[in-house]
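Inspection log for the structure reproduced underneath, given as structure tokens.
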Amino acid sequence: MASSTNARGSTEPLLPPKLQNNPTPESLTPLASGTLKTLSVMRIVLGASTLVAPRWTCALFFYPLPATAGVLARLFGIREVVLGELLYTAEDKTAADGGKREIKRALWANMASDAVDLGSVTFALATGTLGRIPSAAFAGGAIFALVLGGISMKGLKGKDEA
């Protein structure tokens with residue numbers, strides 16, 4: 001590395017060395033950890049039940065699923081399982097930041113999915129292709145997941161990010 005001469009005549013590198021101070025990463029707040037696990041387990045359970053019994057699961061949301069639409073419900077189910085698993089396994093306590101970057105990425109993916117779901121339900125209600133009660137159930141679930149995601153995201157911020 002090239003060096004330069006300062007005003008006192010001593011040489012020093014042009015770029016200072018990187019700090020070797022590797023502080024222990026802050027762990028997640030108990031609230032963030034709890035909401036992350038709750039959100040991920042809810043997604044996995046909802047997705048798995050939709051994969052196994054799509055008509056029964058849709059009936060929980062007051063949506064009578066035609067037998068011919070079972071494959072579409074299963075596509076939703078696998079999406080939920082994948083997003084839930086992604087969020088469940090995102091924390092990496094061995095990473096320099098405690099895995100917060102990966103958790104944030106998984107949370108953003110989950111929250112984006114929920115926002116699109118909310119928009120889709122709103123559109124379906126507005127066009128009359130989905131009734132009020134199923135719309136309220138689906139929208140309520142999406143809003144609940146968005147709130148849990150927001151709480152988790154807020155709990156990921158460190159002291160310097162607040």
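Naming scheme: A, B, ... for chains in displayed order of the structure tokens; residues 1 onward per chain; ligands 1 onward as shown.
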Each residue of segment 67-119 of chain A lying at most 12 Å from segment 135-144 of chain A should get a row with its shortest atom-to-atom pair and the distance in Å to one decimal, counting only C-alpha atoms; could you produce that, ordered by chain and increasing number, as CSV?
```
residue,atom,partner,partner_atom,distance
A:Glu80,CA,A:Ala142,CA,11.9
A:Asn110,CA,A:Ala142,CA,10.1
A:Met111,CA,A:Ala142,CA,8.8
A:Ala112,CA,A:Ala142,CA,10.4
A:Ser113,CA,A:Ala142,CA,8.8
A:Asp114,CA,A:Ala142,CA,5.1
A:Ala115,CA,A:Ala142,CA,7.2
A:Val116,CA,A:Ala142,CA,9.1
A:Asp117,CA,A:Ala142,CA,6.7
A:Leu118,CA,A:Ala139,CA,5.5
A:Gly119,CA,A:Ala139,CA,8.8
```
Taking C-alpha atoms for each residue, export the selection above as a tab-separated table (two decimals), in the first residue's frame.
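Output (selection_13.tsv):
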```tsv
chain	number	residue	atom	x	y	z
A	80	GLU	CA	-47.24	-19.54	2.44
A	110	ASN	CA	-43.60	-11.49	3.58
A	111	MET	CA	-44.91	-7.94	3.86
A	112	ALA	CA	-44.87	-7.44	0.08
A	113	SER	CA	-46.88	-10.63	-0.34
A	114	ASP	CA	-49.39	-9.47	2.26
A	115	ALA	CA	-49.71	-6.03	0.65
A	116	VAL	CA	-50.41	-7.61	-2.75
A	117	ASP	CA	-52.95	-9.94	-1.11
A	118	LEU	CA	-54.67	-6.94	0.46
A	119	GLY	CA	-54.79	-5.15	-2.89
```
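Close contacts of Cys58 of chain A, defined as residues with an atom at most 12 Å away when counting only C-alpha atoms, with chain neighbours fewer than 5 positions off set aside, comprise A:Leu46, A:Gly47, A:Ser49, A:Thr50, A:Leu51, A:Val52, A:Ala53, A:Tyr63, A:Pro64, A:Leu65, A:Pro66, A:Ala67, A:Ala69, A:Gly70, A:Leu72, A:Ala73, A:Arg74, A:Phe76, A:Gly77, A:Pro134, A:Ser135, A:Ala137, A:Phe138.
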Using only C-alpha atoms, which of A:Val41, A:Leu75, A:Leu146, A:Ile151 sits nearest Thr89 of chain A?
A:Val41
What's the 9 Å shell around Ile103 of chain A, counting only C-alpha atoms, without same-chain residues fewer than 2 positions away, as a list in words?
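Once the nearby chain positions are removed, what remains is Leu36, Leu86, Leu87, Tyr88, Thr89, Ala90, Glu91, Asp92, Gly99, Lys100, Arg101, Arg105, Ala106, Leu107, Trp108, Met153 and Leu156 of chain A.
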Selection above as a file: N, CA and C atoms, as an mmCIF file, in the first residue's frame:
```
data_model
loop_
_atom_site.group_PDB
_atom_site.id
_atom_site.type_symbol
_atom_site.label_atom_id
_atom_site.label_comp_id
_atom_site.auth_asym_id
_atom_site.auth_seq_id
_atom_site.Cartn_x
_atom_site.Cartn_y
_atom_site.Cartn_z
ATOM 1 N N LEU A 36 -41.788 -12.648 15.133
ATOM 2 C CA LEU A 36 -41.206 -13.356 13.983
ATOM 3 C C LEU A 36 -41.608 -14.824 13.989
ATOM 4 N N LEU A 86 -38.861 -19.434 5.102
ATOM 5 C CA LEU A 86 -37.819 -18.434 4.869
ATOM 6 C C LEU A 86 -37.662 -17.534 6.092
ATOM 7 N N LEU A 87 -38.759 -17.106 6.649
ATOM 8 C CA LEU A 87 -38.723 -16.245 7.827
ATOM 9 C C LEU A 87 -38.252 -17.012 9.061
ATOM 10 N N TYR A 88 -38.693 -18.251 9.204
ATOM 11 C CA TYR A 88 -38.333 -19.065 10.372
ATOM 12 C C TYR A 88 -36.836 -19.337 10.431
ATOM 13 N N THR A 89 -36.216 -19.525 9.275
ATOM 14 C CA THR A 89 -34.789 -19.884 9.238
ATOM 15 C C THR A 89 -33.878 -18.699 8.954
ATOM 16 N N ALA A 90 -34.407 -17.475 8.916
ATOM 17 C CA ALA A 90 -33.599 -16.310 8.525
ATOM 18 C C ALA A 90 -32.578 -15.904 9.581
ATOM 19 N N GLU A 91 -32.876 -16.107 10.847
ATOM 20 C CA GLU A 91 -31.956 -15.661 11.901
ATOM 21 C C GLU A 91 -30.684 -16.508 11.884
ATOM 22 N N ASP A 92 -29.537 -15.830 11.883
ATOM 23 C CA ASP A 92 -28.234 -16.495 11.893
ATOM 24 C C ASP A 92 -27.394 -15.844 12.981
ATOM 25 N N GLY A 99 -27.722 -11.888 11.818
ATOM 26 C CA GLY A 99 -28.681 -12.327 10.811
ATOM 27 C C GLY A 99 -29.791 -11.327 10.549
ATOM 28 N N LYS A 100 -29.664 -10.115 11.087
ATOM 29 C CA LYS A 100 -30.730 -9.119 10.928
ATOM 30 C C LYS A 100 -30.976 -8.769 9.467
ATOM 31 N N ARG A 101 -29.928 -8.739 8.669
ATOM 32 C CA ARG A 101 -30.101 -8.408 7.246
ATOM 33 C C ARG A 101 -30.987 -9.443 6.562
ATOM 34 N N ARG A 105 -34.784 -9.072 4.958
ATOM 35 C CA ARG A 105 -35.131 -9.484 3.589
ATOM 36 C C ARG A 105 -36.347 -10.403 3.598
ATOM 37 N N ALA A 106 -36.363 -11.362 4.517
ATOM 38 C CA ALA A 106 -37.497 -12.279 4.605
ATOM 39 C C ALA A 106 -38.768 -11.536 5.017
ATOM 40 N N LEU A 107 -38.633 -10.587 5.941
ATOM 41 C CA LEU A 107 -39.794 -9.803 6.359
ATOM 42 C C LEU A 107 -40.349 -8.968 5.217
ATOM 43 N N TRP A 108 -39.448 -8.337 4.446
ATOM 44 C CA TRP A 108 -39.915 -7.538 3.309
ATOM 45 C C TRP A 108 -40.647 -8.418 2.298
ATOM 46 N N MET A 153 -40.155 -5.731 12.274
ATOM 47 C CA MET A 153 -39.197 -4.840 11.615
ATOM 48 C C MET A 153 -38.725 -3.758 12.579
ATOM 49 N N LEU A 156 -36.152 -4.971 14.981
ATOM 50 C CA LEU A 156 -34.834 -5.285 14.423
ATOM 51 C C LEU A 156 -33.901 -4.094 14.430
#
```
Mind checking which residues fall within 9 Å of Ser33 of chain A, counting only C-alpha atoms, ignoring those fewer than 4 positions away in the same chain, and posting them as a PyMOL selection string?
chain A and resi 28-29+37-38+152+155-156
Counting only C-alpha atoms, which of A:Lys104, A:Ala124, A:Leu130, A:Pro54 gets nearest to Ala32 of chain A?
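Among A:Lys104, A:Ala124, A:Leu130, A:Pro54, it is A:Lys104 that comes nearest to Ala32 of chain A.
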All strand (DSSP E) residues (DSSP, backbone) inside segment 4-129 of chain A, as a PyMOL selection string
chain A and resi 4-5+11-13
DSSP on the backbone: which residues in segment 32-141 of chain A end up as helix (DSSP H, G or I)? Give the answer as an MDAnalysis selection string.
chainID A and resid 32:52 54:60 67:88 100:127 132:141
To one decimal place, how far is atom CA of Pro30 of chain A from atom CA of Ala96 of chain A in Å?
19.5 Å
